[in-house]
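S.K.: entry_34.csv is reproduced below (CSV, N, CA and C atoms).
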```csv
chain,number,residue,atom,x,y,z
Z,1,VAL,N,92.2,134.1,124.7
Z,1,VAL,CA,93.2,133.0,124.6
Z,1,VAL,C,92.6,131.7,125.2
Z,2,MET,N,92.7,130.7,124.4
Z,2,MET,CA,92.2,129.4,124.8
Z,2,MET,C,93.2,128.7,125.8
Z,3,GLN,N,92.7,128.2,126.9
Z,3,GLN,CA,93.6,127.5,127.8
Z,3,GLN,C,93.4,126.0,127.7
Z,4,CYS,N,94.4,125.3,127.3
Z,4,CYS,CA,94.3,123.8,127.2
Z,4,CYS,C,95.2,123.2,128.2
Z,5,ASP,N,94.7,123.3,129.5
Z,5,ASP,CA,95.6,122.7,130.5
Z,5,ASP,C,95.0,121.4,131.0
Z,6,GLN,N,94.0,120.8,130.4
Z,6,GLN,CA,93.5,119.5,130.7
Z,6,GLN,C,93.5,118.7,129.5
Z,7,ILE,N,93.7,117.4,129.7
Z,7,ILE,CA,93.8,116.4,128.6
Z,7,ILE,C,92.6,116.5,127.7
Z,8,HIS,N,91.4,116.6,128.2
Z,8,HIS,CA,90.2,116.6,127.4
Z,8,HIS,C,90.1,117.9,126.6
Z,9,ASN,N,90.6,119.0,127.1
Z,9,ASN,CA,90.6,120.2,126.3
Z,9,ASN,C,91.5,120.1,125.1
Z,10,ALA,N,92.7,119.5,125.3
Z,10,ALA,CA,93.6,119.3,124.1
Z,10,ALA,C,93.0,118.3,123.1
Z,11,GLY,N,92.3,117.3,123.6
Z,11,GLY,CA,91.7,116.4,122.7
Z,11,GLY,C,90.6,117.0,121.9
Z,12,GLU,N,89.8,117.9,122.5
Z,12,GLU,CA,88.8,118.6,121.8
Z,12,GLU,C,89.3,119.5,120.7
Z,13,VAL,N,90.4,120.1,121.0
Z,13,VAL,CA,91.0,121.0,120.0
Z,13,VAL,C,91.5,120.1,118.8
Z,14,TRP,N,92.2,119.0,119.1
Z,14,TRP,CA,92.7,118.1,118.1
Z,14,TRP,C,91.6,117.6,117.2
Z,15,SER,N,90.5,117.1,117.8
Z,15,SER,CA,89.4,116.6,117.1
Z,15,SER,C,88.8,117.6,116.2
Z,16,SER,N,88.7,118.8,116.7
Z,16,SER,CA,88.2,119.9,115.9
Z,16,SER,C,89.1,120.2,114.7
Z,17,ILE,N,90.3,120.2,114.9
Z,17,ILE,CA,91.3,120.4,113.7
Z,17,ILE,C,91.1,119.3,112.7
Z,18,LEU,N,91.0,118.0,113.1
Z,18,LEU,CA,90.9,116.9,112.2
Z,18,LEU,C,89.5,117.0,111.5
Z,19,TRP,N,88.5,117.4,112.1
Z,19,TRP,CA,87.2,117.6,111.4
Z,19,TRP,C,87.4,118.7,110.4
Z,20,GLU,N,88.1,119.7,110.6
Z,20,GLU,CA,88.4,120.8,109.7
Z,20,GLU,C,89.1,120.3,108.5
Z,21,VAL,N,90.1,119.4,108.7
Z,21,VAL,CA,90.9,118.8,107.6
Z,21,VAL,C,89.9,118.0,106.7
Z,22,ARG,N,89.1,117.2,107.4
Z,22,ARG,CA,88.1,116.4,106.7
Z,22,ARG,C,87.1,117.2,105.8
Z,23,THR,N,86.7,118.3,106.4
Z,23,THR,CA,85.8,119.2,105.7
Z,23,THR,C,86.4,119.8,104.4
Z,24,VAL,N,87.7,120.2,104.5
Z,24,VAL,CA,88.4,120.7,103.4
Z,24,VAL,C,88.5,119.6,102.3
Z,25,MET,N,88.8,118.4,102.7
Z,25,MET,CA,89.0,117.4,101.7
Z,25,MET,C,87.7,117.0,101.1
Z,26,VAL,N,86.6,117.0,101.9
Z,26,VAL,CA,85.3,116.7,101.3
Z,26,VAL,C,84.8,117.8,100.3
Z,27,ASP,N,85.1,119.0,100.7
Z,27,ASP,CA,84.7,120.2,99.8
Z,27,ASP,C,85.5,120.1,98.5
Z,28,ARG,N,86.7,119.7,98.5
Z,28,ARG,CA,87.5,119.7,97.3
Z,28,ARG,C,87.4,118.4,96.5
Z,29,LEU,N,87.2,117.3,97.2
Z,29,LEU,CA,87.2,116.0,96.5
Z,29,LEU,C,85.8,115.3,96.4
Z,30,GLY,N,84.8,115.9,97.0
Z,30,GLY,CA,83.5,115.2,97.0
Z,30,GLY,C,83.4,114.4,98.3
Z,31,PHE,N,82.2,114.0,98.7
Z,31,PHE,CA,82.0,113.3,99.9
Z,31,PHE,C,82.7,112.0,100.0
Z,32,ASN,N,82.5,111.1,99.0
Z,32,ASN,CA,83.0,109.8,99.1
Z,32,ASN,C,84.5,109.7,99.1
Z,33,VAL,N,85.1,110.4,98.1
Z,33,VAL,CA,86.6,110.4,98.0
Z,33,VAL,C,87.2,111.2,99.2
Z,34,GLY,N,86.7,112.4,99.5
Z,34,GLY,CA,87.2,113.2,100.6
Z,34,GLY,C,87.1,112.6,101.9
Z,35,ASN,N,86.0,111.9,102.2
Z,35,ASN,CA,85.9,111.3,103.5
Z,35,ASN,C,86.8,110.1,103.6
Z,36,ARG,N,86.9,109.3,102.6
Z,36,ARG,CA,87.8,108.1,102.6
Z,36,ARG,C,89.2,108.5,102.7
Z,37,ASP,N,89.6,109.5,101.9
Z,37,ASP,CA,91.0,109.9,101.9
Z,37,ASP,C,91.4,110.6,103.2
Z,38,ALA,N,90.5,111.4,103.8
Z,38,ALA,CA,90.8,112.0,105.1
Z,38,ALA,C,91.1,110.9,106.2
Z,39,LEU,N,90.2,109.9,106.2
Z,39,LEU,CA,90.5,108.8,107.1
Z,39,LEU,C,91.8,108.1,106.8
Z,40,GLN,N,92.1,108.0,105.6
Z,40,GLN,CA,93.4,107.3,105.2
Z,40,GLN,C,94.6,108.1,105.6
Z,41,VAL,N,94.6,109.4,105.3
Z,41,VAL,CA,95.8,110.2,105.6
Z,41,VAL,C,96.0,110.3,107.1
Z,42,VAL,N,94.9,110.4,107.9
Z,42,VAL,CA,95.1,110.4,109.4
Z,42,VAL,C,95.7,109.1,109.9
Z,43,THR,N,95.2,108.0,109.3
Z,43,THR,CA,95.7,106.7,109.7
Z,43,THR,C,97.2,106.5,109.3
Z,44,ASP,N,97.5,106.9,108.1
Z,44,ASP,CA,98.8,106.8,107.6
Z,44,ASP,C,99.7,107.8,108.4
Z,45,GLY,N,99.2,108.9,108.7
Z,45,GLY,CA,100.0,109.9,109.5
Z,45,GLY,C,100.3,109.3,110.9
Z,46,MET,N,99.4,108.6,111.5
Z,46,MET,CA,99.7,108.0,112.8
Z,46,MET,C,100.8,106.9,112.7
Z,47,LYS,N,100.8,106.2,111.5
Z,47,LYS,CA,101.9,105.3,111.3
Z,47,LYS,C,103.3,105.9,111.1
Z,48,LEU,N,103.3,107.1,110.6
Z,48,LEU,CA,104.5,107.9,110.4
Z,48,LEU,C,105.0,108.6,111.6
Z,49,SER,N,104.1,108.8,112.6
Z,49,SER,CA,104.4,109.6,113.8
Z,49,SER,C,105.3,108.8,114.7
Z,50,PRO,N,106.2,109.5,115.5
Z,50,PRO,CA,107.0,108.8,116.5
Z,50,PRO,C,106.1,108.4,117.7
Z,51,LEU,N,106.6,107.6,118.6
Z,51,LEU,CA,105.8,107.3,119.8
Z,51,LEU,C,105.6,108.6,120.6
Z,52,ASN,N,104.4,108.7,121.1
Z,52,ASN,CA,104.0,109.8,121.9
Z,52,ASN,C,104.3,111.2,121.2
Z,53,PRO,N,103.8,111.4,120.0
Z,53,PRO,CA,104.1,112.6,119.3
Z,53,PRO,C,103.5,113.9,119.9
Z,54,THR,N,104.2,115.0,119.6
Z,54,THR,CA,103.6,116.2,120.0
Z,54,THR,C,102.5,116.6,118.9
Z,55,PHE,N,101.8,117.6,119.2
Z,55,PHE,CA,100.8,118.0,118.1
Z,55,PHE,C,101.5,118.3,116.8
Z,56,ILE,N,102.6,119.0,116.9
Z,56,ILE,CA,103.3,119.4,115.7
Z,56,ILE,C,103.8,118.2,114.9
Z,57,GLN,N,104.4,117.2,115.6
Z,57,GLN,CA,104.8,116.0,115.0
Z,57,GLN,C,103.7,115.2,114.3
Z,58,ALA,N,102.6,115.1,115.0
Z,58,ALA,CA,101.4,114.4,114.5
Z,58,ALA,C,100.9,115.2,113.3
Z,59,ARG,N,100.8,116.5,113.4
Z,59,ARG,CA,100.4,117.3,112.2
Z,59,ARG,C,101.3,117.1,111.0
Z,60,ASP,N,102.6,117.2,111.2
Z,60,ASP,CA,103.5,117.1,110.1
Z,60,ASP,C,103.4,115.7,109.5
Z,61,ALA,N,103.2,114.7,110.3
Z,61,ALA,CA,103.1,113.3,109.8
Z,61,ALA,C,101.8,113.2,108.9
Z,62,ILE,N,100.7,113.8,109.3
Z,62,ILE,CA,99.5,113.7,108.5
Z,62,ILE,C,99.7,114.5,107.2
Z,63,ILE,N,100.3,115.6,107.3
Z,63,ILE,CA,100.6,116.4,106.1
Z,63,ILE,C,101.5,115.6,105.1
Z,64,ASN,N,102.5,115.0,105.7
Z,64,ASN,CA,103.4,114.1,104.8
Z,64,ASN,C,102.7,113.0,104.2
Z,65,ALA,N,101.8,112.3,105.0
Z,65,ALA,CA,101.0,111.2,104.4
Z,65,ALA,C,100.1,111.7,103.3
Z,66,ALA,N,99.5,112.8,103.4
Z,66,ALA,CA,98.7,113.4,102.4
Z,66,ALA,C,99.5,113.8,101.2
Z,67,ALA,N,100.6,114.4,101.4
Z,67,ALA,CA,101.5,114.8,100.2
Z,67,ALA,C,102.0,113.6,99.5
Z,68,ALA,N,102.1,112.5,100.2
Z,68,ALA,CA,102.6,111.2,99.5
Z,68,ALA,C,101.6,110.7,98.5
Z,69,ILE,N,100.3,111.0,98.8
Z,69,ILE,CA,99.2,110.6,97.8
Z,69,ILE,C,99.2,111.5,96.6
Z,70,SER,N,99.2,112.9,96.9
Z,70,SER,CA,99.3,113.8,95.8
Z,70,SER,C,99.5,115.2,96.4
Z,71,PRO,N,100.1,116.1,95.6
Z,71,PRO,CA,100.2,117.5,96.0
Z,71,PRO,C,98.9,118.1,96.4
Z,72,GLN,N,97.8,117.8,95.7
Z,72,GLN,CA,96.5,118.4,96.0
Z,72,GLN,C,96.0,117.9,97.4
Z,73,HIS,N,96.3,116.7,97.7
Z,73,HIS,CA,95.9,116.2,99.1
Z,73,HIS,C,96.7,116.9,100.1
Z,74,GLY,N,98.0,117.1,99.9
Z,74,GLY,CA,98.9,117.8,100.8
Z,74,GLY,C,98.4,119.2,101.1
Z,75,ARG,N,98.0,119.9,100.0
Z,75,ARG,CA,97.5,121.3,100.2
Z,75,ARG,C,96.2,121.3,101.0
Z,76,ALA,N,95.3,120.4,100.6
Z,76,ALA,CA,94.0,120.3,101.3
Z,76,ALA,C,94.2,120.1,102.8
Z,77,VAL,N,95.1,119.2,103.2
Z,77,VAL,CA,95.3,118.9,104.6
Z,77,VAL,C,96.0,120.1,105.3
Z,78,GLN,N,96.9,120.7,104.6
Z,78,GLN,CA,97.6,121.9,105.2
Z,78,GLN,C,96.5,123.0,105.4
Z,79,ASP,N,95.6,123.2,104.4
Z,79,ASP,CA,94.6,124.2,104.5
Z,79,ASP,C,93.7,123.9,105.7
Z,80,GLY,N,93.4,122.7,105.9
Z,80,GLY,CA,92.5,122.3,107.1
Z,80,GLY,C,93.2,122.7,108.4
Z,81,PHE,N,94.5,122.4,108.5
Z,81,PHE,CA,95.2,122.8,109.7
Z,81,PHE,C,95.3,124.3,109.9
Z,82,VAL,N,95.5,125.0,108.8
Z,82,VAL,CA,95.6,126.4,108.8
Z,82,VAL,C,94.3,127.1,109.4
Z,83,ARG,N,93.2,126.5,109.0
Z,83,ARG,CA,91.9,127.1,109.4
Z,83,ARG,C,91.8,127.1,111.0
Z,84,ARG,N,92.5,126.2,111.6
Z,84,ARG,CA,92.4,126.2,113.1
Z,84,ARG,C,93.7,126.7,113.8
Z,85,GLY,N,94.6,127.2,113.0
Z,85,GLY,CA,95.8,127.8,113.6
Z,85,GLY,C,96.8,126.7,113.8
```
Would you put the structure from the file into structure tokens?

M.R.:
Amino acid sequence: VMQCDQIHNAGEVWSSILWEVRTVMVDRLGFNVGNRDALQVVTDGMKLSPLNPTFIQARDAIINAAAAISPQHGRAVQDGFVRRG
């Protein structure tokens, strides 16, 4: 069981999850489009998030931002989050 009782630990887990999302998008869409769109959905997701979001709220906002682009993007982002639990 991973213990995330320090801020840096939580940030490391979050960054690992976002790298996984990017990897799935690059695998499915190619490097140029996948990389660009991964950056875009994370940025758009931050705009959709409430102030001081929980991990779940931030995740849901990123998934919603991706789904707004296309169903394929939404599935790719969901799959990236699923890989890390």

S.K.: Find the distance between CA of Ala67 (chain Z) and CA of Asn32 (chain Z) and write it in Å to one decimal.

M.R.: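 Pair CA of Ala67 (chain Z) / CA of Asn32 (chain Z) returns 19.2 Å.
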
S.K.: Enter the distance from atom C of Met25 (chain Z) to atom N of Ala10 (chain Z), in Å, rounded to one decimal.

M.R.: 24.8 Å

S.K.: Quick one: of Z:Arg28, Z:Lys47, Z:Arg36, Z:Arg22, who's nearest to Arg83 (chain Z), counting only C-alpha atoms?

M.R.: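 Nearest to Arg83 (chain Z): Z:Arg22.
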
S.K.: Between CA of Pro53 (chain Z) and atom C of Gln40 (chain Z), what is the distance in Å, rounded to a tenth?

M.R.: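 Spanning CA of Pro53 (chain Z) to atom C of Gln40 (chain Z) is a straight-line distance of 17.3 Å.
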
S.K.: What's the 8 Å shell around Asp60 (chain Z), counting all atoms listed in the file, without same-chain residues fewer than 5 positions away, as a count of residues only?

M.R.: 7

S.K.: Taking only N, CA and C atoms into account, which of Z:Arg84, Z:Ile62, Z:Glu12, Z:Gln78 comes nearest Val41 (chain Z)?

M.R.: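 Going through Z:Arg84, Z:Ile62, Z:Glu12, Z:Gln78 one by one, the smallest distance to Val41 (chain Z) is for Z:Ile62.
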
S.K.: Write out as an NGL selection string each polymer residue whose atoms come within 6.5 Å of Phe81 (chain Z), counting all atoms listed in the file; drop sequence neighbours fewer than 4 positions from it.

M.R.: :Z and (17 or 20-21 or 76-77 or 85)

S.K.: Using all atoms listed in the file, determine which residues lie at most 5 Å from Val26 (chain Z), disregarding the query and same-chain residues fewer than 5 positions distant; provide the list as number ranges by chain.

M.R.: Z: 31, 34-35

S.K.: So which bits of chain Z end up alpha helix (DSSP H) when you DSSP the backbone, as an MDAnalysis selection string?

M.R.: chainID Z and resid 7:29 31:48 55:69 71:83
